[in-house]
Amino acid sequence: MPKITVDGKTIECKDKQVILEACKDNGIQIPHYCYHPGLSVVASCRICLVEVEGVPKLVPACQTPIRDGMVVNTNSPKAVANQKQVMEYLLTSHPLDCPVCDQAGECYLQDYSYEYGRAEPRFEEEKVKNPKKDVGDNILLYSDRCIMCTRCVRFTREVSGTSELFVDGRGAREEIQIFPGRPLNNPLAGNVVDICPVGALLDKNFLFKQRVWLLKSTPSISPVDAGGENIWVDHNEGKIYRCRPRYNADVNQWWISDETRYAWKAVSDGNRLVAAKKAQYSSQVETDWQKAADQAYTDLKNLAADSPGTLYALLSPMMACEEAYLLGKLIRSLDPQAVLVIGPVPQGEQQVFRNSITGKETFVIQGEKVPNANGVRKVIELLGGPSATYEELVKAEKPELKKLKGGWIVGGYLKDWVGKEQPALFKKGYRAVQDILPNSLVNSADVVIPGAAWTEKDGCWVNFKGIAQVFSKAVPAPEGVVSEAEVYHYLLRLPGAYSAAAVRAEIGEPVSAAKIPDADAPEPAMEFVEL
Amino acid sequence: MIDKFFTIVPPWLIVLLVIFNVLLGAAAYLILLERKIASWTQDRIGPNRVGPAGLLQPLADGIKMFVKEDFRSKNTDKFMFTIAPIIMMLVVFTAMAVIPWGGVYQGTLTHESPDAISIPHGATLVGDPEPTGNGTEVVSTYRVPFQVFDANIGVLFLIAVLALAVYAVVFAGWASNNKYSFLGGIRAAAQMVSYEVPMGLSIITVVLMFGTLSLNEITEAQARYWFGFIPAWNIFCQPLAFIMFLICLHAEANRAPFDLAEAEQELVGGYHTEYSSMRLGLLLMGEYVGMVITSAVLVALFLGGWHFPGLTGNVDPANPSVTTSLLEIVLRIVVYLVKILVIIGVFMWVRWTLPRFRYDQLMNMAWRGLIPISLFGMVGTAVVIYFWNREPVDGVLLISGTQAIALLALNVIALVVFAVAAKMLPKANPNRKLQVPGSRFNPTQPATQLD
Amino acid sequence: MKQEDIILVEEPQLTLSDGFYLPQVFIGLGTTMKHMWKTIRPSGDIVVQYPEERREDRPVDEGGMLRPTYRGVHRLNKDMEGRPNCVACFMCSTACPAKCIHIEAGESPWPDREKYPVKFDIDELRCIYCGMCEEACPCDAIELTSIYKLVGTSRQEMILDKEKLLEIYDQTIDHEPM
């Protein structure tokens with residue numbers, strides 16, 4: 001293992017690392033703008049220049065590979081002078097509008113200005129003022145805030161492979177541009193906002209909504225497809241404001257799709273079901289969730305008491321594994337021959353993104369548009385007994401499916417999921433429904449219990465690769481709504497309070513291996529420099 | 001004329017009616033006085049909005065108390081909750097009965113025959129009725145005390161009745177079903193029990209000196225002069241007992257610095273936290289009337305009661321309380337009330353001067369301070385009067401001027417002795433740790449299993 | 001911290017008279033009596049007779065109110081064109097220790113600025129009138145005025161919105177310039 005000395009401290013590095021990475025791994029901060037571990041190195045911002053003994057000029061830390069026995073000075077007078085000069089130069093054309101800039105609080109320029117910059121500007125001339133530009137459906141570009149690190153340009157070329165952005169002009173007139181008629185609308189476009197070190201690229205959905213220092217971040221998982229992209233849910237006072245990618249080397253690296261990014265909007269949908277209902281004389285009356293759950297429990301029990309094998313549970317692939325497991329146990333406790341049906345698993349088009357230069361595959365948006373089909377299948381397998389798929393339930397050709405009279409149906413999809421091709425059982429028989437958004441099934445069900453969206457509960461999902469990943473409760477569920485698991489916990493009369501971790505341990509592999517991500521653990525590369 | 005009137009309406013009834021109403025009104029105005037004194041000590045003005053100089057404030061307060069909702073929270077003990085304010089008022093007004101407000105009035109009545117002698121209720125005849133020579137008419141001389149009930153065990157009665165006041169506080173605290181009220185009640189009980197002792201010892205000191213338990217006689221014994229000009233008030237010969245008694249009265253009345261039972265900063269309102277409306281009004285009024293009554297006892301025992309130079313009766317120098325002048329009786333009552341007012345002023349003055357005692361300080365003061373000192377004073381007084389014959393007048397033993405000086409000297413000696421002894425006593429350690437078995441601070445001992 | 005930095009403070013011991021309480025009690029009684037006398041003597045030190053007499057009517061050196069530094073009800077300052085100075089930067093609500101300022105930002109309708117407050121509510125009941133919002137404001141938009149009379153019949157009424165805060169500016173600008 002090569003060893004280098006940074007500021008008099010000897011650190012161990014991995015082979016073929018650059019100085020900046022080696023320092024970061026060992027807790028030494030070197031300022032940088034243009035360097036991003038997921039993108040190619042251009043070494044254009046020049047603030048990471050460090051002094052290496054034996055080299056006459058300063059070298060960029062982001063580009064210089066380490067060599068065993070190298071002696072690096074990050075805060076020698078020369079390096080510090082360079083940092084100050086770079087900061088001063090960048091600020092000559094940067095507007096002083098931090099109070100109204102949405103990046104303030106997570107802005108590299110702001111942080112480094114405190115750490116490495118001058119207190120007073122010497123630049124007295126008029127600053128360049130560029131109008132803000134609408135570059136895409138979700139993205140705004142404030143050109144005058146741009147420091148020309150070209151991270152976004154590299155992203156569109158190297159990750160999304162769509163090459164919408166380019167650098168227009170030279171010198172002081174340099175700016176980021178789109179080609180006429182080709183807006184930045186690719187399915188990964190939102191990532192340019194995250195990688196922008198300053199407030200030049202901003203998300204229209206988050207614009208002016210909240211200051212970032214007021215937001216609390218909770219680790220979560222993408223609900224839109226089987227990829228299981230890792231995200232941070234940023235929220236304040238019980239309201240979600242945005243989702244950001246969370247680094248996971250095995251799943252999504254630094255990126256998420258725009259569908260994932262804006263999936264939270266379903267959570268704060270005004271049409272969310274908030275009141276439990278039960279059918280009474282062919283209309284639905286509101287009640288509280290315990291009464292509705294008790295009603296459903298009694299009614300299903302009575303159905304099963306006449307003849308076993310008449311009940312089914314529709315386990316939605318939006319459910320957490322714990323919830324699917326508890327519901328399976330609940331329905332089997334009423335009727336040992338109950339059929340476990342996996343809910344509809346919508347298939348979309350799988351989108352593969354390639355580096356436009358090398359053609360290497362960089363990111364895949366999975367075609368399976370539910371997060372936990374894999375996990376629910378595993379749970380059904382674990383519980384054993386009769387089971388069916390949604391398609392089989394629609395056709396209702398299997399003999400055990402013909403006997404069914406009533407069941408517990410769980411939705412939880414982020415959009416209307418009851419299509420035209422729905423099982424006959426959705427229109428007749430007994431239906432206890434748990435869902436988060438209204439649909440035709442909810443409107444005609446015998447008992448409706450509102451469910452919690454994924455940001456409102458703890459649980460784990462198994463992605464298409466079989467990796468179990470935990471998501472945590474970020475915001476409280478609407479008044480009067482509890483998570484699905486808590487309803488089953490209540491009906492099963494289990495002791496104590498519901499704990500997702502305990503149920504995971506009960507289910508066993510692979511789910512029990514999933515751990516709650518440590519929110520404090522440093523995230524390579526995407527983590528902002530702490531000053 | 002007035003003597004005839006007394007046969008119909010006896011003086012005790014007049015005293016009862018007048019004093020009862022005066023006390024009720026006084027309680028309201030004492031609250032105003034309290035607020036005024038509070039604001040003066042704090043460089044403020046105090047209530048000055050209702051009526052001239054705020055004089056109608058008590059009226060407004062009274063109306064507020066009456067028209068407020070009579071609220072009792074759900075889990076209170078209804079019977080005890082209701083009875084507590086009643087006990088409070090009952091006790092203080094009962095204690096009022098034995099206060100000698102105006103000495104003894106001597107009047108004459110003409111009766112048609114010796115067989116038809118009718119004198120006012122509660123009066124005693126002096127000598128035999130004498131014939132006037134006009135047929136069978138006789139003239140009788142009678143004496144009647146201006147007092148509701150001239151009990152010869154007056155002091156004992158007072159101690160007994162005033163000790164009952166603690167029940168009101170404890171009942172109120174218990175019945176409220178509120179932990180603050182309960183704490184207030186418990187504190188009041190412990191405090192009152194502790195301070196009864198030095199109070200009793202101080203009273204015994206006075207009782208020893210005169211050999212009587214009648215408040216009337218004790219007052220009369222003080223209505224004299226030492227060396228012809230010093231009023232023979234007990235405060236001058238027993239200053240230490242006076243101060244002990246004054247301190248105990250503060251504690252008995254639950255007033256600052258002994259107001260732990262209703263410590264606002266700790267216990268919300270103490271035992272009356274849950275009370276509202278006129279029930280609260282009765283508790284507060286009881287407190288103030290109690291203050292008046294205990295001050296009256298203090299005045300009777302140590303400040304010569306109604307006595308003031310010039311108000312020593314005109315019948316018999318041996319019985320200075322007896323007078324034939326009703327004006328003098330009225331003046332005596334006024335003097336008495338003024339003395340009470342001064343003492344109450346001191347109560348309020350002290351309240352806004354001294355901070356509240358801590359509970360251990362409170363108990364230390366009673367058991368390590370007041371009780372030894374008053375015990376010393378009592379034993380010393382007993383020794384002095386045992387070896388030094390006193391002059392008996394009408395069944396009461398009087399203290400002469402020289403004896404008074406001796407007692408004063410005794411007090412000074414007691415003061416010096418205890419000032420020195422206080423330094424030599426081992427210091428109390430209020431912060432010592434109590435070893436509670438099984439607590440988390442004492443893990444060596446096994447925890448005792450509760451429930 | 002070094003050993004020599006440690007100062008051992010001896011608990012003061014009670015003197016003979018302290019231990020006996022009474023002398024100190026009498027000294028205390030004297031103090032209160034002095035105050036009582038100072039108040040009730042004919043030319044007593046009397047406090048401001050509030051509703052009839054007001055601090056703002058008195059000269060500052062006689063205990064009057066110093067308006068520029070008084071911390072009363074807030075106002076939102078306007079610029080020359082009558083628009084609120086506020087750019088909805090949330091600095092005040094971030095600095096607020098009582099968390100009583102609620103802002104909703106929006107895109108401003110004027111070309112010279114990005115953001116402006118769509119809603120700007122201050123809960124005057126939660127506010128502790130510390131003046132931190134005024135300190136934090138980068139564009140002198142929020143200020144505390146000398147108004148101390150704030151009355152409402154409901155909690156909702158005591159939450160002042162943007163219009164009300166701008167109205168307070170109109171009321172106070174004459175005697176309290178920005």
# chains A, B, ... in the order shown; residues from 1 in each chain; ligands from 1
>>> closest_atom_pairs(of="chain C", to="chain B", cutoff="6 Å", atoms="only C-alpha atoms", output="Markdown table")
| residue | atom | partner | partner_atom | distance |
| --- | --- | --- | --- | --- |
| C:Leu29 | CA | B:Thr353 | CA | 5.8 |
| C:Thr32 | CA | B:Thr41 | CA | 5.3 |
| C:His35 | CA | B:Thr41 | CA | 5.1 |
| C:Met36 | CA | B:Thr41 | CA | 4.6 |
| C:Thr39 | CA | B:Asp43 | CA | 5.6 |
>>> write_last_selection(atoms="N, CA, C and O atoms", output="mmCIF file, in the first residue's frame")
data_model
loop_
_atom_site.group_PDB
_atom_site.id
_atom_site.type_symbol
_atom_site.label_atom_id
_atom_site.label_comp_id
_atom_site.auth_asym_id
_atom_site.auth_seq_id
_atom_site.Cartn_x
_atom_site.Cartn_y
_atom_site.Cartn_z
ATOM 1 N N LEU C 29 -36.138 44.472 57.818
ATOM 2 C CA LEU C 29 -37.378 45.227 58.028
ATOM 3 C C LEU C 29 -37.128 46.717 57.835
ATOM 4 O O LEU C 29 -37.964 47.435 57.287
ATOM 5 N N THR C 32 -37.173 47.534 54.063
ATOM 6 C CA THR C 32 -38.501 47.648 53.465
ATOM 7 C C THR C 32 -39.224 48.879 53.975
ATOM 8 O O THR C 32 -39.943 49.538 53.227
ATOM 9 N N HIS C 35 -38.221 51.806 52.006
ATOM 10 C CA HIS C 35 -38.887 51.855 50.702
ATOM 11 C C HIS C 35 -40.327 52.297 50.839
ATOM 12 O O HIS C 35 -40.835 53.062 50.027
ATOM 13 N N MET C 36 -40.988 51.771 51.858
ATOM 14 C CA MET C 36 -42.383 52.156 52.076
ATOM 15 C C MET C 36 -42.482 53.656 52.286
ATOM 16 O O MET C 36 -43.324 54.329 51.701
ATOM 17 N N THR C 39 -42.125 55.712 49.223
ATOM 18 C CA THR C 39 -43.280 55.704 48.328
ATOM 19 C C THR C 39 -44.431 56.538 48.872
ATOM 20 O O THR C 39 -45.118 57.234 48.132
#
>>> residues_around(residues="Thr136 (chain B)", least_positions_apart="3", cutoff="10 Å", atoms="only C-alpha atoms", output="list in words")
His111, Glu112, Ser113, Pro114, Asp115, Pro131, Thr132 and Gly133 of chain B
>>> write_last_selection(atoms="all heavy atoms", output="mmCIF file, in the first residue's frame")
data_model
loop_
_atom_site.group_PDB
_atom_site.id
_atom_site.type_symbol
_atom_site.label_atom_id
_atom_site.label_comp_id
_atom_site.auth_asym_id
_atom_site.auth_seq_id
_atom_site.Cartn_x
_atom_site.Cartn_y
_atom_site.Cartn_z
ATOM 1 N N HIS B 111 -85.044 47.579 90.321
ATOM 2 C CA HIS B 111 -86.033 46.513 90.143
ATOM 3 C C HIS B 111 -87.217 46.784 91.037
ATOM 4 O O HIS B 111 -87.087 47.404 92.086
ATOM 5 C CB HIS B 111 -85.438 45.151 90.511
ATOM 6 C CG HIS B 111 -84.102 44.924 89.873
ATOM 7 N ND1 HIS B 111 -83.947 44.595 88.558
ATOM 8 C CD2 HIS B 111 -82.838 45.009 90.382
ATOM 9 C CE1 HIS B 111 -82.671 44.460 88.276
ATOM 10 N NE2 HIS B 111 -81.965 44.729 89.393
ATOM 11 N N GLU B 112 -88.403 46.284 90.622
ATOM 12 C CA GLU B 112 -89.605 46.566 91.403
ATOM 13 C C GLU B 112 -89.613 45.851 92.733
ATOM 14 O O GLU B 112 -90.149 46.338 93.710
ATOM 15 C CB GLU B 112 -90.853 46.180 90.588
ATOM 16 C CG GLU B 112 -91.161 47.233 89.536
ATOM 17 C CD GLU B 112 -92.353 46.864 88.696
ATOM 18 O OE1 GLU B 112 -92.969 45.803 88.953
ATOM 19 O OE2 GLU B 112 -92.653 47.635 87.773
ATOM 20 N N SER B 113 -89.057 44.670 92.809
ATOM 21 C CA SER B 113 -88.996 43.971 94.083
ATOM 22 C C SER B 113 -87.736 43.121 94.115
ATOM 23 O O SER B 113 -87.180 42.818 93.060
ATOM 24 C CB SER B 113 -90.233 43.065 94.252
ATOM 25 O OG SER B 113 -90.091 41.924 93.433
ATOM 26 N N PRO B 114 -87.286 42.754 95.287
ATOM 27 C CA PRO B 114 -86.078 41.907 95.368
ATOM 28 C C PRO B 114 -86.301 40.559 94.682
ATOM 29 O O PRO B 114 -85.342 39.884 94.325
ATOM 30 C CB PRO B 114 -85.870 41.718 96.868
ATOM 31 C CG PRO B 114 -86.726 42.730 97.534
ATOM 32 C CD PRO B 114 -87.833 43.094 96.607
ATOM 33 N N ASP B 115 -87.589 40.180 94.512
ATOM 34 C CA ASP B 115 -87.830 38.887 93.877
ATOM 35 C C ASP B 115 -87.779 38.984 92.352
ATOM 36 O O ASP B 115 -87.684 37.972 91.680
ATOM 37 C CB ASP B 115 -89.223 38.350 94.274
ATOM 38 C CG ASP B 115 -89.363 38.355 95.795
ATOM 39 O OD1 ASP B 115 -88.332 38.081 96.448
ATOM 40 O OD2 ASP B 115 -90.466 38.656 96.284
ATOM 41 N N PRO B 131 -82.300 48.361 98.860
ATOM 42 C CA PRO B 131 -83.610 49.023 98.695
ATOM 43 C C PRO B 131 -83.418 50.506 98.488
ATOM 44 O O PRO B 131 -82.515 51.129 99.046
ATOM 45 C CB PRO B 131 -84.325 48.710 100.001
ATOM 46 C CG PRO B 131 -83.266 48.301 100.954
ATOM 47 C CD PRO B 131 -82.075 47.843 100.200
ATOM 48 N N THR B 132 -84.282 51.071 97.670
ATOM 49 C CA THR B 132 -84.176 52.501 97.419
ATOM 50 C C THR B 132 -85.089 53.282 98.353
ATOM 51 O O THR B 132 -85.014 54.514 98.422
ATOM 52 C CB THR B 132 -84.590 52.828 95.982
ATOM 53 O OG1 THR B 132 -85.895 52.304 95.755
ATOM 54 C CG2 THR B 132 -83.633 52.251 95.003
ATOM 55 N N GLY B 133 -85.993 52.576 99.067
ATOM 56 C CA GLY B 133 -86.940 53.259 99.936
ATOM 57 C C GLY B 133 -88.233 53.553 99.226
ATOM 58 O O GLY B 133 -89.232 53.938 99.844
#
>>> residues_around(residues="region 138-145 of chain A", least_positions_apart="2", cutoff="8 Å", atoms="only C-alpha atoms", output="list in words")
Ser93, His94, Pro95, Val128, Lys129, Asn130, Pro131, Lys132, Lys133, Asp134, Val135, Gly136, Ile147, Glu175, Ile176, Leu184, Asn185, Ala189, Gly190, Val193, Val198, Gly199, Ala200, Leu201, Leu202, Asp203, Lys204 and Asn205 of chain A
>>> atom_distance(atom1="CA of Tyr336 (chain B)", atom2="CA of Pro100 (chain B)")
9.3 Å
>>> interface_residues(of="chain C", to="chain A", cutoff="8 Å", atoms="only C-alpha atoms", output="number ranges by chain")
C: 87-91, 94, 104-107, 114-115, 138
>>> residues_around(residues="region 160-176 of chain C", least_positions_apart="2", cutoff="8 Å", atoms="only C-alpha atoms", output="number ranges by chain")
C: 67-68, 74-78, 84, 119-124, 145, 157-158, 178
>>> write_last_selection(atoms="N, CA and C atoms", output="mmCIF file, in the first residue's frame")
data_model
loop_
_atom_site.group_PDB
_atom_site.id
_atom_site.type_symbol
_atom_site.label_atom_id
_atom_site.label_comp_id
_atom_site.auth_asym_id
_atom_site.auth_seq_id
_atom_site.Cartn_x
_atom_site.Cartn_y
_atom_site.Cartn_z
ATOM 1 N N ARG C 67 -37.094 55.635 21.556
ATOM 2 C CA ARG C 67 -37.795 54.977 20.459
ATOM 3 C C ARG C 67 -36.912 54.139 19.541
ATOM 4 N N PRO C 68 -35.747 54.639 19.125
ATOM 5 C CA PRO C 68 -34.992 53.860 18.127
ATOM 6 C C PRO C 68 -34.597 52.481 18.628
ATOM 7 N N HIS C 74 -43.497 44.342 15.300
ATOM 8 C CA HIS C 74 -42.687 44.410 14.079
ATOM 9 C C HIS C 74 -43.380 45.233 13.002
ATOM 10 N N ARG C 75 -42.576 45.652 12.045
ATOM 11 C CA ARG C 75 -43.132 46.202 10.826
ATOM 12 C C ARG C 75 -42.279 45.712 9.658
ATOM 13 N N LEU C 76 -42.885 45.740 8.467
ATOM 14 C CA LEU C 76 -42.149 45.391 7.252
ATOM 15 C C LEU C 76 -41.930 46.681 6.479
ATOM 16 N N ASN C 77 -40.685 47.032 6.255
ATOM 17 C CA ASN C 77 -40.387 48.292 5.590
ATOM 18 C C ASN C 77 -40.683 48.208 4.096
ATOM 19 N N LYS C 78 -41.039 49.367 3.540
ATOM 20 C CA LYS C 78 -41.311 49.445 2.107
ATOM 21 C C LYS C 78 -40.217 50.274 1.446
ATOM 22 N N PRO C 84 -42.670 45.837 -0.514
ATOM 23 C CA PRO C 84 -41.923 45.419 0.683
ATOM 24 C C PRO C 84 -40.455 45.206 0.350
ATOM 25 N N LYS C 119 -46.383 35.109 1.586
ATOM 26 C CA LYS C 119 -47.000 35.227 2.906
ATOM 27 C C LYS C 119 -45.901 35.559 3.895
ATOM 28 N N PHE C 120 -46.215 36.402 4.852
ATOM 29 C CA PHE C 120 -45.234 36.734 5.882
ATOM 30 C C PHE C 120 -46.007 36.901 7.178
ATOM 31 N N ASP C 121 -46.008 35.868 7.990
ATOM 32 C CA ASP C 121 -46.801 35.916 9.215
ATOM 33 C C ASP C 121 -45.884 35.918 10.429
ATOM 34 N N ILE C 122 -46.180 36.794 11.366
ATOM 35 C CA ILE C 122 -45.456 36.781 12.637
ATOM 36 C C ILE C 122 -46.463 36.510 13.734
ATOM 37 N N ASP C 123 -46.199 35.476 14.511
ATOM 38 C CA ASP C 123 -47.058 35.179 15.647
ATOM 39 C C ASP C 123 -46.588 36.037 16.820
ATOM 40 N N GLU C 124 -47.286 37.126 17.030
ATOM 41 C CA GLU C 124 -46.839 38.066 18.067
ATOM 42 C C GLU C 124 -46.977 37.489 19.473
ATOM 43 N N THR C 145 -40.811 48.183 16.040
ATOM 44 C CA THR C 145 -41.217 49.561 16.270
ATOM 45 C C THR C 145 -41.371 49.805 17.764
ATOM 46 N N GLU C 157 -55.930 36.421 15.712
ATOM 47 C CA GLU C 157 -55.809 37.858 15.471
ATOM 48 C C GLU C 157 -54.399 38.355 15.775
ATOM 49 N N MET C 158 -53.700 37.643 16.650
ATOM 50 C CA MET C 158 -52.367 38.083 17.050
ATOM 51 C C MET C 158 -51.292 37.601 16.084
ATOM 52 N N MET C 178 -36.646 54.774 8.963
ATOM 53 C CA MET C 178 -35.924 53.519 8.822
ATOM 54 C C MET C 178 -34.479 53.644 9.249
#
>>> atom_distance(atom1="CA of Leu383 (chain A)", atom2="CA of Cys321 (chain A)")
11.9 Å
>>> atom_distance(atom1="CA of Met89 (chain B)", atom2="CA of Gly290 (chain B)")
8.4 Å
>>> residues_around(residues="Leu491 (chain A)", least_positions_apart="3", cutoff="8 Å", atoms="only C-alpha atoms", output="ChimeraX atom specification")
/A:293-294,297,330,487-488,494
>>> write_last_selection(atoms="N, CA, C and O atoms", output="compact mmCIF listing (two decimals), in the first residue's frame")
# COMPACT_ATOMS: atom_id res chain seq x y z
N ALA A 293 -61.00 -1.77 11.00
CA ALA A 293 -60.19 -2.99 10.97
C ALA A 293 -60.90 -4.12 11.70
O ALA A 293 -60.93 -5.27 11.22
N ASP A 294 -61.49 -3.80 12.85
CA ASP A 294 -62.23 -4.83 13.60
C ASP A 294 -63.38 -5.38 12.77
O ASP A 294 -63.64 -6.58 12.75
N TYR A 297 -62.07 -7.62 10.09
CA TYR A 297 -61.58 -8.86 10.71
C TYR A 297 -62.75 -9.79 11.01
O TYR A 297 -62.75 -10.97 10.64
N LEU A 330 -51.90 -12.76 8.99
CA LEU A 330 -53.23 -12.39 9.46
C LEU A 330 -54.31 -13.17 8.70
O LEU A 330 -55.21 -13.75 9.31
N VAL A 487 -51.85 -1.74 11.49
CA VAL A 487 -53.19 -2.33 11.47
C VAL A 487 -53.09 -3.84 11.69
O VAL A 487 -53.82 -4.40 12.52
N TYR A 488 -52.15 -4.51 10.98
CA TYR A 488 -52.03 -5.97 11.14
C TYR A 488 -51.55 -6.31 12.55
O TYR A 488 -52.00 -7.28 13.14
N LEU A 494 -50.61 -8.64 18.57
CA LEU A 494 -49.22 -8.91 18.93
C LEU A 494 -48.82 -8.01 20.09
O LEU A 494 -49.32 -6.90 20.22
>>> residues_around(residues="region 9-26 of chain A", least_positions_apart="2", cutoff="12 Å", atoms="only C-alpha atoms", output="ChimeraX atom specification")
/A:1-7,28-33,35-37,41,43,47-52,59-74,522-530
>>> select_by_dssp(residues="region 17-174 of chain C", states="alpha helix (DSSP H)", output="ChimeraX atom specification")
/C:17-19,22-40,91-95,132-136,162-172
>>> residues_around(residues="Val394 (chain A)", least_positions_apart="6", cutoff="7 Å", atoms="only C-alpha atoms", output="PyMOL selection string")
chain A and resi 422-424
>>> select_by_dssp(residues="region 371-449 of chain A", states="strand (DSSP E or B)", output="list in words")
Ser387, Ala388, Gly406, Gly407, Trp408, Ile409, Val410, Tyr430, Arg431, Ala432, Val433, Gln434, Asp435, Val447, Val448 and Ile449 of chain A
>>> decode(residues="region 57-71 of chain C", atoms="N, CA and C atoms", output="compact mmCIF listing (two decimals), in the first residue's frame")
# COMPACT_ATOMS: atom_id res chain seq x y z
N ASP C 57 -44.07 60.03 26.25
CA ASP C 57 -44.28 61.47 26.41
C ASP C 57 -43.20 62.11 27.26
N ARG C 58 -42.44 61.29 27.97
CA ARG C 58 -41.42 61.84 28.84
C ARG C 58 -40.11 62.01 28.09
N PRO C 59 -39.28 62.97 28.52
CA PRO C 59 -37.94 63.05 27.93
C PRO C 59 -37.14 61.80 28.29
N VAL C 60 -36.22 61.44 27.42
CA VAL C 60 -35.49 60.19 27.62
C VAL C 60 -34.71 60.21 28.92
N ASP C 61 -34.12 61.37 29.26
CA ASP C 61 -33.30 61.39 30.48
C ASP C 61 -34.14 61.40 31.74
N GLU C 62 -35.46 61.48 31.61
CA GLU C 62 -36.32 61.36 32.80
C GLU C 62 -37.08 60.04 32.76
N GLY C 63 -36.47 59.05 32.19
CA GLY C 63 -37.11 57.75 32.17
C GLY C 63 -38.03 57.54 31.00
N GLY C 64 -37.94 58.42 29.99
CA GLY C 64 -38.80 58.26 28.83
C GLY C 64 -38.33 57.14 27.92
N MET C 65 -39.13 56.86 26.91
CA MET C 65 -38.80 55.75 26.01
C MET C 65 -37.82 56.21 24.95
N LEU C 66 -36.81 55.38 24.70
CA LEU C 66 -35.87 55.67 23.63
C LEU C 66 -36.38 54.93 22.40
N ARG C 67 -37.09 55.64 21.56
CA ARG C 67 -37.80 54.98 20.46
C ARG C 67 -36.91 54.14 19.54
N PRO C 68 -35.75 54.64 19.13
CA PRO C 68 -34.99 53.86 18.13
C PRO C 68 -34.60 52.48 18.63
N THR C 69 -34.43 52.33 19.93
CA THR C 69 -33.99 51.03 20.41
C THR C 69 -35.10 50.22 21.05
N TYR C 70 -36.28 50.79 21.13
CA TYR C 70 -37.36 50.05 21.77
C TYR C 70 -37.77 48.87 20.90
N ARG C 71 -38.04 47.74 21.53
CA ARG C 71 -38.40 46.56 20.76
C ARG C 71 -39.87 46.21 20.98
